[in-house]
Every structure is written in structure tokens, then in C-alpha cells.
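Trainee: What follows is the file work.pdb, containing PDB, C-alpha atoms and all ligand atoms:
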```pdb
ATOM      1  CA  MET A 382     125.970  71.942 114.981
ATOM      2  CA  ILE A 383     124.934  74.344 112.247
ATOM      3  CA  GLU A 384     126.979  75.427 109.235
ATOM      4  CA  VAL A 385     125.583  77.912 106.747
ATOM      5  CA  LEU A 386     127.781  78.965 103.833
ATOM      6  CA  GLY A 387     126.761  81.413 101.096
ATOM      7  CA  LEU A 388     123.055  80.680 101.584
ATOM      8  CA  HIS A 389     120.678  82.143  98.983
ATOM      9  CA  LYS A 390     116.904  81.923  98.793
ATOM     10  CA  ARG A 391     114.907  83.414  95.980
ATOM     11  CA  TYR A 392     111.137  83.646  95.724
ATOM     12  CA  GLY A 393     110.632  84.217  91.981
ATOM     13  CA  ASN A 394     112.709  87.293  91.160
ATOM     14  CA  PHE A 395     112.936  88.402  94.789
ATOM     15  CA  THR A 396     116.063  87.464  96.759
ATOM     16  CA  ALA A 397     115.051  86.990 100.413
ATOM     17  CA  VAL A 398     118.414  85.575 101.603
ATOM     18  CA  ASP A 399     121.475  86.844  99.803
ATOM     19  CA  GLY A 400     124.722  85.054 100.667
ATOM     20  CA  VAL A 401     124.405  84.376 104.385
ATOM     21  CA  SER A 402     127.147  82.489 106.275
ATOM     22  CA  PHE A 403     127.373  81.616 109.957
ATOM     23  CA  GLU A 404     128.068  78.709 112.279
ATOM     24  CA  VAL A 405     126.597  77.632 115.578
ATOM     25  CA  SER A 406     128.661  75.398 117.876
ATOM     26  CA  GLU A 407     127.548  72.960 120.528
ATOM     27  CA  GLY A 408     126.340  74.590 123.749
ATOM     28  CA  GLU A 409     125.920  78.090 122.265
ATOM     29  CA  VAL A 410     122.899  80.365 122.338
ATOM     30  CA  PHE A 411     123.053  82.125 118.955
ATOM     31  CA  ALA A 412     120.681  85.000 118.167
ATOM     32  CA  LEU A 413     119.680  85.760 114.578
ATOM     33  CA  LEU A 414     118.317  89.296 114.583
ATOM     34  CA  GLY A 415     117.167  91.751 111.980
ATOM     35  CA  THR A 416     114.653  94.171 110.601
ATOM     36  CA  ASN A 417     111.208  93.001 109.482
ATOM     37  CA  GLY A 418     111.527  91.006 106.297
ATOM     38  CA  ALA A 419     115.326  90.641 106.685
ATOM     39  CA  GLY A 420     115.178  86.913 105.962
ATOM     40  CA  LYS A 421     115.449  85.372 109.453
ATOM     41  CA  THR A 422     112.405  83.090 109.241
ATOM     42  CA  THR A 423     113.382  82.017 105.719
ATOM     43  CA  THR A 424     116.866  81.106 107.006
ATOM     44  CA  ILE A 425     115.464  79.214 109.992
ATOM     45  CA  GLU A 426     112.913  77.369 107.861
ATOM     46  CA  ILE A 427     115.741  76.225 105.573
ATOM     47  CA  LEU A 428     117.670  75.004 108.643
ATOM     48  CA  GLU A 429     114.553  73.208 109.866
ATOM     49  CA  GLY A 430     114.225  71.476 106.480
ATOM     50  CA  TYR A 431     110.876  73.077 105.578
ATOM     51  CA  LEU A 432     112.293  75.133 102.696
ATOM     52  CA  ARG A 433     114.970  74.305 100.108
ATOM     53  CA  PRO A 434     117.761  76.828  99.511
ATOM     54  CA  SER A 435     118.256  78.329  96.038
ATOM     55  CA  GLY A 436     122.048  78.258  96.561
ATOM     56  CA  GLY A 437     124.803  77.767  99.115
ATOM     57  CA  THR A 438     125.420  75.016 101.644
ATOM     58  CA  VAL A 439     123.510  74.289 104.827
ATOM     59  CA  ARG A 440     124.397  71.535 107.289
ATOM     60  CA  VAL A 441     122.738  70.644 110.588
ATOM     61  CA  PHE A 442     124.654  68.010 112.569
ATOM     62  CA  GLY A 443     126.668  67.643 109.360
ATOM     63  CA  ARG A 444     123.565  66.645 107.351
ATOM     64  CA  ASP A 445     121.326  68.227 104.780
ATOM     65  CA  PRO A 446     118.318  69.545 106.786
ATOM     66  CA  ALA A 447     115.994  68.077 104.123
ATOM     67  CA  ASP A 448     116.930  64.727 105.696
ATOM     68  CA  ARG A 449     114.365  65.419 108.401
ATOM     69  CA  GLY A 450     113.846  61.800 109.426
ATOM     70  CA  ALA A 451     117.455  61.544 110.585
ATOM     71  CA  LEU A 452     117.410  64.903 112.353
ATOM     72  CA  ARG A 453     113.945  64.931 113.902
ATOM     73  CA  SER A 454     114.848  63.422 117.263
ATOM     74  CA  ARG A 455     117.839  65.750 117.678
ATOM     75  CA  ILE A 456     116.013  69.025 117.013
ATOM     76  CA  GLY A 457     113.265  70.833 118.913
ATOM     77  CA  LEU A 458     111.191  73.507 117.198
ATOM     78  CA  VAL A 459     109.243  76.397 118.690
ATOM     79  CA  LEU A 460     107.571  78.088 115.732
ATOM     80  CA  GLN A 461     106.145  81.627 115.670
ATOM     81  CA  GLU A 462     102.609  80.268 115.736
ATOM     82  CA  SER A 463     101.821  77.356 117.985
ATOM     83  CA  GLY A 464      99.226  74.776 116.993
ATOM     84  CA  LEU A 465      97.881  73.585 120.338
ATOM     85  CA  PHE A 466      94.379  72.132 120.797
ATOM     86  CA  GLY A 467      92.325  74.329 123.107
ATOM     87  CA  ASP A 468      90.231  71.536 124.584
ATOM     88  CA  LEU A 469      93.163  69.413 125.768
ATOM     89  CA  SER A 470      94.762  70.009 129.161
ATOM     90  CA  ALA A 471      98.500  70.690 129.428
ATOM     91  CA  ALA A 472      99.139  67.114 130.601
ATOM     92  CA  GLU A 473      96.962  65.630 127.817
ATOM     93  CA  THR A 474      98.808  67.732 125.240
ATOM     94  CA  VAL A 475     102.191  66.479 126.445
ATOM     95  CA  THR A 476     100.896  62.877 126.614
ATOM     96  CA  ALA A 477      99.635  63.052 123.019
ATOM     97  CA  TRP A 478     102.904  64.594 121.812
ATOM     98  CA  ALA A 479     104.967  61.970 123.637
ATOM     99  CA  ARG A 480     103.482  59.284 121.333
ATOM    100  CA  PHE A 481     105.343  60.866 118.400
ATOM    101  CA  THR A 482     108.554  61.611 120.286
ATOM    102  CA  SER A 483     111.277  59.043 120.765
ATOM    103  CA  GLY A 484     112.794  59.005 124.256
ATOM    104  CA  ALA A 485     110.145  61.403 125.599
ATOM    105  CA  ARG A 486     110.663  62.373 129.242
ATOM    106  CA  PRO A 487     107.755  61.555 131.628
ATOM    107  CA  VAL A 488     104.827  63.990 131.380
ATOM    108  CA  ALA A 489     105.168  65.254 134.970
ATOM    109  CA  GLU A 490     108.867  65.926 134.429
ATOM    110  CA  ALA A 491     108.214  67.754 131.125
ATOM    111  CA  LEU A 492     105.707  70.063 132.846
ATOM    112  CA  GLU A 493     107.995  70.537 135.836
ATOM    113  CA  LEU A 494     110.884  71.531 133.557
ATOM    114  CA  VAL A 495     108.932  74.507 132.187
ATOM    115  CA  GLY A 496     107.244  75.401 135.485
ATOM    116  CA  LEU A 497     103.770  74.197 134.466
ATOM    117  CA  SER A 498     103.207  71.500 137.136
ATOM    118  CA  GLY A 499     100.416  73.597 138.660
ATOM    119  CA  GLN A 500      98.632  73.857 135.272
ATOM    120  CA  ALA A 501      98.739  70.119 134.392
ATOM    121  CA  SER A 502      94.952  69.824 134.251
ATOM    122  CA  THR A 503      94.245  73.322 132.885
ATOM    123  CA  ARG A 504      92.786  73.350 129.377
ATOM    124  CA  VAL A 505      94.999  75.076 126.806
ATOM    125  CA  LYS A 506      92.216  77.558 125.944
ATOM    126  CA  ARG A 507      92.203  78.706 129.596
ATOM    127  CA  MET A 508      95.980  79.147 129.790
ATOM    128  CA  SER A 509      97.683  82.538 129.539
ATOM    129  CA  GLY A 510      99.876  83.404 126.535
ATOM    130  CA  GLY A 511     103.023  82.860 128.608
ATOM    131  CA  GLU A 512     101.814  79.475 129.835
ATOM    132  CA  ARG A 513     101.056  78.392 126.256
ATOM    133  CA  ARG A 514     104.523  79.456 125.169
ATOM    134  CA  LYS A 515     105.985  77.371 127.995
ATOM    135  CA  LEU A 516     103.874  74.434 126.831
ATOM    136  CA  ASP A 517     105.279  74.932 123.295
ATOM    137  CA  ILE A 518     108.768  74.764 124.805
ATOM    138  CA  ALA A 519     107.834  71.673 126.863
ATOM    139  CA  LEU A 520     106.766  69.925 123.618
ATOM    140  CA  ALA A 521     109.863  71.059 121.719
ATOM    141  CA  THR A 522     112.161  69.742 124.477
ATOM    142  CA  LEU A 523     110.193  66.583 125.267
ATOM    143  CA  GLY A 524     112.751  64.263 123.662
ATOM    144  CA  SER A 525     115.729  66.230 125.115
ATOM    145  CA  PRO A 526     116.930  67.465 121.705
ATOM    146  CA  ALA A 527     120.505  68.697 121.469
ATOM    147  CA  LEU A 528     119.440  71.673 119.314
ATOM    148  CA  LEU A 529     116.481  73.964 119.857
ATOM    149  CA  PHE A 530     115.116  76.499 117.335
ATOM    150  CA  LEU A 531     113.181  79.297 119.000
ATOM    151  CA  ASP A 532     111.476  81.629 116.521
ATOM    152  CA  GLU A 533     110.302  84.717 118.454
ATOM    153  CA  PRO A 534     109.494  82.746 121.625
ATOM    154  CA  THR A 535     108.303  85.766 123.630
ATOM    155  CA  THR A 536     106.503  87.904 121.031
ATOM    156  CA  GLY A 537     103.195  89.200 122.347
ATOM    157  CA  LEU A 538     103.858  88.278 125.984
ATOM    158  CA  ASP A 539     103.738  90.739 128.868
ATOM    159  CA  PRO A 540     107.055  91.616 130.587
ATOM    160  CA  GLU A 541     106.501  89.166 133.446
ATOM    161  CA  ALA A 542     105.735  86.253 131.089
ATOM    162  CA  ARG A 543     108.714  87.234 128.911
ATOM    163  CA  ARG A 544     110.937  87.109 131.979
ATOM    164  CA  ARG A 545     109.693  83.602 132.824
ATOM    165  CA  VAL A 546     110.241  82.299 129.291
ATOM    166  CA  ARG A 547     113.722  83.882 129.235
ATOM    167  CA  ASP A 548     114.622  82.249 132.528
ATOM    168  CA  LEU A 549     113.463  78.959 131.065
ATOM    169  CA  VAL A 550     115.669  79.402 127.976
ATOM    170  CA  LYS A 551     118.626  80.238 130.250
ATOM    171  CA  ASP A 552     117.936  77.115 132.252
ATOM    172  CA  LEU A 553     117.843  74.946 129.101
ATOM    173  CA  ALA A 554     121.093  76.529 127.867
ATOM    174  CA  ALA A 555     122.693  75.874 131.272
ATOM    175  CA  ARG A 556     121.765  72.197 130.803
ATOM    176  CA  GLY A 557     123.857  72.207 127.617
ATOM    177  CA  MET A 558     121.160  72.674 124.963
ATOM    178  CA  THR A 559     122.287  74.551 121.848
ATOM    179  CA  VAL A 560     119.785  77.271 120.934
ATOM    180  CA  LEU A 561     119.175  79.268 117.756
ATOM    181  CA  LEU A 562     116.950  82.182 118.685
ATOM    182  CA  THR A 563     115.207  84.940 116.765
ATOM    183  CA  THR A 564     113.608  87.825 118.582
ATOM    184  CA  HIS A 565     112.663  91.463 118.127
ATOM    185  CA  TYR A 566     113.409  92.113 121.821
ATOM    186  CA  LEU A 567     117.040  93.116 121.632
ATOM    187  CA  GLU A 568     117.549  93.198 125.399
ATOM    188  CA  GLU A 569     116.403  89.584 125.366
ATOM    189  CA  ALA A 570     119.046  88.655 122.793
ATOM    190  CA  GLN A 571     121.656  90.595 124.776
ATOM    191  CA  GLU A 572     120.746  88.705 127.924
ATOM    192  CA  LEU A 573     120.537  85.217 126.417
ATOM    193  CA  ALA A 574     122.922  84.963 123.483
ATOM    194  CA  GLY A 575     126.668  84.434 123.499
ATOM    195  CA  ARG A 576     126.912  85.180 119.779
ATOM    196  CA  VAL A 577     124.742  87.189 117.459
ATOM    197  CA  ALA A 578     124.206  87.956 113.764
ATOM    198  CA  ILE A 579     122.185  90.948 112.582
ATOM    199  CA  MET A 580     120.480  90.627 109.180
ATOM    200  CA  ASP A 581     119.151  93.327 106.908
ATOM    201  CA  LYS A 582     117.639  92.824 103.439
ATOM    202  CA  GLY A 583     118.828  89.238 103.161
ATOM    203  CA  ARG A 584     122.403  89.855 104.313
ATOM    204  CA  ILE A 585     124.268  89.613 107.602
ATOM    205  CA  VAL A 586     125.509  93.124 108.327
ATOM    206  CA  THR A 587     127.348  92.307 111.545
ATOM    207  CA  GLN A 588     128.090  89.174 113.556
ATOM    208  CA  GLY A 589     130.358  88.037 116.365
ATOM    209  CA  THR A 590     130.372  87.402 120.084
ATOM    210  CA  MET A 591     128.022  89.645 122.015
ATOM    211  CA  SER A 592     130.925  91.683 123.400
ATOM    212  CA  GLU A 593     132.480  92.101 119.913
ATOM    213  CA  VAL A 594     129.194  93.330 118.478
ATOM    214  CA  LEU A 595     128.506  95.645 121.427
ATOM    215  CA  GLY A 596     132.074  96.973 121.135
ATOM    216  CA  ARG A 597     131.306  98.051 117.535
ATOM    217  CA  GLY A 598     128.567 100.400 118.739
ATOM    218  CA  SER A 599     128.915 103.813 120.337
ATOM    219  CA  GLY A 600     129.148 103.944 124.121
ATOM    220  CA  ARG A 601     127.902 106.680 126.426
ATOM    221  CA  VAL A 602     129.622 108.851 129.038
ATOM    222  CA  ALA A 603     127.112 110.843 131.102
ATOM    223  CA  PHE A 604     127.588 113.191 134.058
ATOM    224  CA  GLU A 605     126.256 116.379 135.682
ATOM    225  CA  LEU A 606     128.007 119.559 134.602
ATOM    226  CA  PRO A 607     129.496 121.074 137.797
ATOM    227  CA  ALA A 608     128.024 124.426 138.933
ATOM    228  CA  GLY A 609     129.814 127.340 137.285
ATOM    229  CA  ALA A 610     131.404 125.163 134.540
ATOM    230  CA  SER A 611     130.560 125.620 130.879
ATOM    231  CA  PRO A 612     130.288 122.697 128.450
ATOM    232  CA  GLU A 613     132.404 124.550 125.863
ATOM    233  CA  GLY A 614     135.726 123.386 127.259
ATOM    234  CA  LEU A 615     134.752 119.728 127.624
ATOM    235  CA  PRO A 616     137.190 117.307 125.978
ATOM    236  CA  VAL A 617     134.923 116.026 123.202
ATOM    237  CA  GLY A 618     136.677 114.371 120.254
ATOM    238  CA  GLU A 619     135.810 115.145 116.627
ATOM    239  CA  ARG A 620     133.932 111.899 116.211
ATOM    240  CA  ASP A 621     132.143 112.184 119.559
ATOM    241  CA  ALA A 622     128.743 113.849 120.008
ATOM    242  CA  LEU A 623     127.864 115.910 123.078
ATOM    243  CA  THR A 624     124.313 116.737 124.098
ATOM    244  CA  VAL A 625     123.519 118.883 127.123
ATOM    245  CA  THR A 626     120.050 118.762 128.697
ATOM    246  CA  GLY A 627     119.848 121.112 131.669
ATOM    247  CA  ARG A 628     123.076 120.197 133.545
ATOM    248  CA  ARG A 629     123.138 116.612 132.227
ATOM    249  CA  CYS A 630     125.878 116.002 129.660
ATOM    250  CA  VAL A 631     125.949 112.890 127.476
ATOM    251  CA  ILE A 632     128.892 112.152 125.182
ATOM    252  CA  VAL A 633     128.237 109.435 122.576
ATOM    253  CA  THR A 634     131.596 107.935 121.639
ATOM    254  CA  ALA A 635     133.285 104.836 120.244
ATOM    255  CA  GLU A 636     135.817 105.068 123.114
ATOM    256  CA  PRO A 637     133.828 105.517 126.330
ATOM    257  CA  GLU A 638     136.682 104.551 128.688
ATOM    258  CA  SER A 639     139.186 107.026 127.238
ATOM    259  CA  VAL A 640     136.577 109.813 127.020
ATOM    260  CA  ALA A 641     135.645 109.177 130.677
ATOM    261  CA  HIS A 642     139.338 109.425 131.542
ATOM    262  CA  SER A 643     139.659 112.788 129.727
ATOM    263  CA  VAL A 644     136.490 114.139 131.335
ATOM    264  CA  LEU A 645     137.757 113.184 134.799
ATOM    265  CA  GLY A 646     141.095 114.895 133.977
ATOM    266  CA  TRP A 647     139.149 117.984 132.835
ATOM    267  CA  ALA A 648     137.232 118.066 136.157
ATOM    268  CA  HIS A 649     140.374 117.449 138.181
ATOM    269  CA  GLY A 650     142.149 120.325 136.381
ATOM    270  CA  ARG A 651     139.329 122.644 137.450
ATOM    271  CA  GLY A 652     139.237 121.327 141.001
ATOM    272  CA  VAL A 653     135.580 120.253 140.607
ATOM    273  CA  ARG A 654     133.896 116.950 141.358
ATOM    274  CA  LEU A 655     131.756 115.192 138.722
ATOM    275  CA  SER A 656     128.526 113.818 140.051
ATOM    276  CA  GLY A 657     126.268 111.238 138.395
ATOM    277  CA  LEU A 658     129.124 109.828 136.276
ATOM    278  CA  ASP A 659     127.925 106.896 134.175
ATOM    279  CA  VAL A 660     130.151 105.130 131.619
ATOM    280  CA  ARG A 661     128.762 102.325 129.533
ATOM    281  CA  GLN A 662     129.091 100.357 126.308
ATOM    282  CA  ALA A 663     126.416 100.489 123.632
ATOM    283  CA  THR A 664     123.408  98.285 124.180
ATOM    284  CA  LEU A 665     122.454  95.831 121.435
ATOM    285  CA  GLU A 666     119.454  98.031 120.679
ATOM    286  CA  GLU A 667     121.744 101.023 120.095
ATOM    287  CA  VAL A 668     124.036  98.947 117.835
ATOM    288  CA  PHE A 669     120.988  97.781 115.886
ATOM    289  CA  LEU A 670     119.586 101.293 115.486
ATOM    290  CA  ASP A 671     123.042 102.637 114.481
ATOM    291  CA  ILE A 672     123.264  99.993 111.751
ATOM    292  CA  ALA A 673     119.747 100.746 110.526
ATOM    293  CA  ALA A 674     120.421 104.505 110.535
ATOM    294  CA  ALA A 675     123.667 103.968 108.624
ATOM    295  CA  ARG A 676     121.703 101.957 106.054
ATOM    296  CA  GLY A 677     119.176 104.770 105.840
ATOM    297  CA  GLN A 678     115.983 103.070 106.793
ATOM    298  CA  GLU A 679     113.224 103.108 109.293
ATOM    299  CA  VAL A 680     113.291 100.174 111.699
ATOM    300  CA  ARG A 681     110.665  98.538 113.822
ATOM    301  CA  THR A 682     112.109  96.304 116.510
TER
HETATM  302  N1  LIG A 701     106.753  82.404 100.053
HETATM  303  C1  LIG A 701     107.186  83.624  99.796
HETATM  304  N2  LIG A 701     107.011  84.200  98.596
HETATM  305  C2  LIG A 701     107.484  85.436  98.340
HETATM  306  N3  LIG A 701     108.153  86.218  99.221
HETATM  307  C3  LIG A 701     108.327  85.699 100.443
HETATM  308  C4  LIG A 701     107.851  84.385 100.794
HETATM  309  N4  LIG A 701     108.212  84.150 102.084
HETATM  310  C5  LIG A 701     108.865  85.262 102.514
HETATM  311  N5  LIG A 701     108.933  86.194 101.527
HETATM  312  C6  LIG A 701     109.583  87.503 101.603
HETATM  313  O1  LIG A 701     110.950  87.294 101.946
HETATM  314  C7  LIG A 701     111.408  88.315 102.821
HETATM  315  C8  LIG A 701     111.994  87.688 104.067
HETATM  316  O2  LIG A 701     110.933  87.154 104.856
HETATM  317  P1  LIG A 701     111.199  86.480 106.284
HETATM  318  O3  LIG A 701     109.877  86.007 106.780
HETATM  319  O4  LIG A 701     112.297  85.492 106.155
HETATM  320  O5  LIG A 701     111.715  87.729 107.129
HETATM  321  P2  LIG A 701     111.951  87.884 108.687
HETATM  322  O6  LIG A 701     113.332  88.415 108.846
HETATM  323  O7  LIG A 701     111.638  86.620 109.388
HETATM  324  O8  LIG A 701     110.897  89.020 109.040
HETATM  325  P3  LIG A 701     109.990  89.312 110.362
HETATM  326  O9  LIG A 701     110.938  89.804 111.385
HETATM  327  O10 LIG A 701     109.088  90.393 109.852
HETATM  328  O11 LIG A 701     109.300  88.020 110.730
HETATM  329  C9  LIG A 701     110.207  89.225 103.077
HETATM  330  O12 LIG A 701     110.310  90.346 102.230
HETATM  331  C10 LIG A 701     109.009  88.361 102.712
HETATM  332  O13 LIG A 701     107.933  89.149 102.221
END
```
Show me, as C-alpha cells, the structure contained in the file I just sent.
Mentor:
Amino acid sequence: MIEVLGLHKRYGNFTAVDGVSFEVSEGEVFALLGTNGAGKTTTIEILEGYLRPSGGTVRVFGRDPADRGALRSRIGLVLQESGLFGDLSAAETVTAWARFTSGARPVAEALELVGLSGQASTRVKRMSGGERRKLDIALATLGSPALLFLDEPTTGLDPEARRRVRDLVKDLAARGMTVLLTTHYLEEAQELAGRVAIMDKGRIVTQGTMSEVLGRGSGRVAFELPAGASPEGLPVGERDALTVTGRRCVIVTAEPESVAHSVLGWAHGRGVRLSGLDVRQATLEEVFLDIAAARGQEVRT
């Protein structure tokens, strides 16, 4: 659905996107993540046909995204800033939008799809931030597009509203919609996306399936140090890092399963039982912070 090969975008002398390549296939939820100013919005705006690339190839449904007339009915856009009219109700907003949308679903169905049936006659200016975001998504999906761009769909929402918007995105993906998502909430990307690319300073620094990317981060093995045992003899590899807080030991390691195995062997050899054992892969947030630390910069997510 999307092919990006060696994409460059320069603003004057400044290179905002510096040789980016990725693909998004039908039915995927693909997350494009990165530090502030990494080039995500620039990349998405090129894919949406709003900006022209300085170099490289970009295809959406096999076409140049500048050919917006041909692509319009197949793509839904949820931009960072929505441009809703405060004095219209939710139903009036959808009705007005339907005039410009070919094959628009009925208004009641569009509101039902995003869980806004109860707010049909509520004016936009009286709606909560989460409800407005859902209305944005109702408009973007009004013509049942095959591809949906979601640029930071949950930024600024409270946790409950974020949860509702996430559930909605999951529901749309389950109906077969292909989604390209950007977000600064990494747990959101981890929950929604099957594949992910992380950008920094105009380049993709890692990409792959979610499990591949998570597997590249450091996992954690945590447990309570048994009474009478000292942490000195714990089987901690050269590339692993042990921290002990009170009796709680945490080993950060690229190989959490094998370290857990060694730690259990260590406990068994001493005839002690490990309590509170917790073995887990890196989270996407940890992978992201590891990458940023390795690149020597401060990150705001
Ligand atoms: N029109 C422009 N002229 C000059 N520089 C620009 C322009 N638009 C964007 N930039 C710069 O290009 C870089 C990439 O911006 P972009 O908005 O694509 O980043 P982003 O990854 O979406 O960031 P954020 O997460 O903060 O939204 C930034 O350094 C930004 O200042």
C-alpha cells in the first residue's frame, strides 16, 4: 500500500528526512515513531501528497501521492490539529462532510462506528477532547478508506479517552483497514502496531516487526534475594547489569531467558527458593530510550 525508497526532504540547507525507506502492506498497522523533529510529520505529509520530496521514490497504492484526486477516496486522514466547527453538532458535522465524500456511510452509522451515537446532537464546542478526536476519526473513515493516516491521534487526551481511541483504532484494524500511525505514546504503538520504524534526525534507526524490535532491546530479570544470600555470587554476564535495591535484584540483559535459567540454577544449587521472579522482554519505551542513549541525546517521548 505504501512504498518509500531513499526518501529525502530538504528545507533550504536543512535535511529533515535523510534516506528513509519502508513499506506498509495491506491490513497492517505500522507505527512511525521518533524523537521530536525526527521527520515523521514531514514523511507523512509527503505520503499524503501535501509536500513534495527532494529525492527518492514514494508510492501510495502504486501512485505518486501528488496525484491526490486519484487517491482521495482511498485514504483517510487524521491530522495533528483538527479543523472542526464549534457551532455544528456531531451529526451536522458528519452530514456536511458526507457531501464531499464519495460512498459516505450513513451519518448514524458513522457516529455509531466511533461510539458517538449519544453525542449526535452535541455541539462540537461542548464535546470533550476524546469525543472530538473520535469525530475526526469518524470523518476520516466516512468513505471506508482502505488506508488511514493517524498523526498523533491521542496526544493531549486523558488516559480513559486514549483507551477509547485506541480501542477504536483496533476495531478499525480488525475490519481490515491499513493504518499508518505516529504517536509519542510508545505503549500505544506497542499495543496497536504489528510493525514499527523508529526515526531519529531524519533517518530510520531501527525497524521491523514489533517482536523483532522488542527483541533488540534489553530484557529484565527481577527477583527477591533470598535471606542470607549475597548478590556477589549471582550469575551475571559481562554484558549484563545488576542493580540491587534492598532485597530486590534486577538484571538488565539481552538474554533474559538464559539469565533467568542461570539464576534459577544458582538458587537451586544453594537450596533456596526465589520469590517474586519476573522475566520479561524490553518494552518499546525501553528500546526507544536505549537507542536515544546510544545516540547520546536527550529524548522527550
Ligand atoms: N517548512 C519547514 N521549514 C524548515 N524546517 C522545517 C519545516 N518543516 C519542518 N521543519 C523541520 O524539519 C524537522 C522535522 O520536522 P517534523 O515535523 O517532520 O518532525 P516530527 O518527527 O514530526 O517531530 P514532532 O514529533 O516534534 O512532531 C524539524 O527539525 C523541523 O523544525
Trainee: Could you list, as a list in words, all the residues within 6 Å of ligand LIG 701 (chain A), counting only C-alpha atoms and all ligand atoms?
Mentor: Tyr392, Ala397, Gly415, Thr416, Asn417, Gly418, Ala419, Gly420, Lys421, Thr422 and Thr423 of chain A
Trainee: Would you please work out which residue, of A:Ser463, A:Ser435, A:Thr535, A:Ser639, is nearest to A:Val550 when using all atoms listed in the file?
Mentor: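 For A:Val550, the nearest of the candidates is A:Thr535.
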Trainee: Please put the answer as lines of an AutoDock Vina configuration file: centre and edge lengths, in Å with one decimal, of a box along x, y and z that encloses all listed atoms of stretch 606-617 of chain A plus 3 Å on each side.
Mentor:
```
center_x = 132.6
center_y = 121.7
center_z = 131.1
size_x = 15.2
size_y = 17.3
size_z = 21.7
```
Trainee: Using all atoms listed in the file and a cutoff of 12 Å, can you tell me which residues are near (124.4, 100.8, 124.8) in the file's coordinates, and write them out as a ChimeraX atom specification?
Mentor: /A:567-568,571,592,594-602,633-635,637,659-671
Trainee: Do you have the atom CA of A:Phe395-atom CA of A:Gly537 distance handy?
Mentor: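 Calculated distance between atom CA of A:Phe395 and atom CA of A:Gly537 is 29.2 Å.
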Trainee: Enter the distance from atom CA of A:Gly510 to atom CA of A:Leu469, in Å, rounded to one decimal.
Mentor: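 Atom CA of A:Leu469 lies 15.5 Å from atom CA of A:Gly510.
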Trainee: Can you spell out as a ChimeraX atom specification the set of residues that the PyMOL selection byres (((chain A and resi 492) around 12) and not hetatm) selects in the structure I just provided?
Mentor: /A:470-476,486-491,493-503,512-513,515-523,549
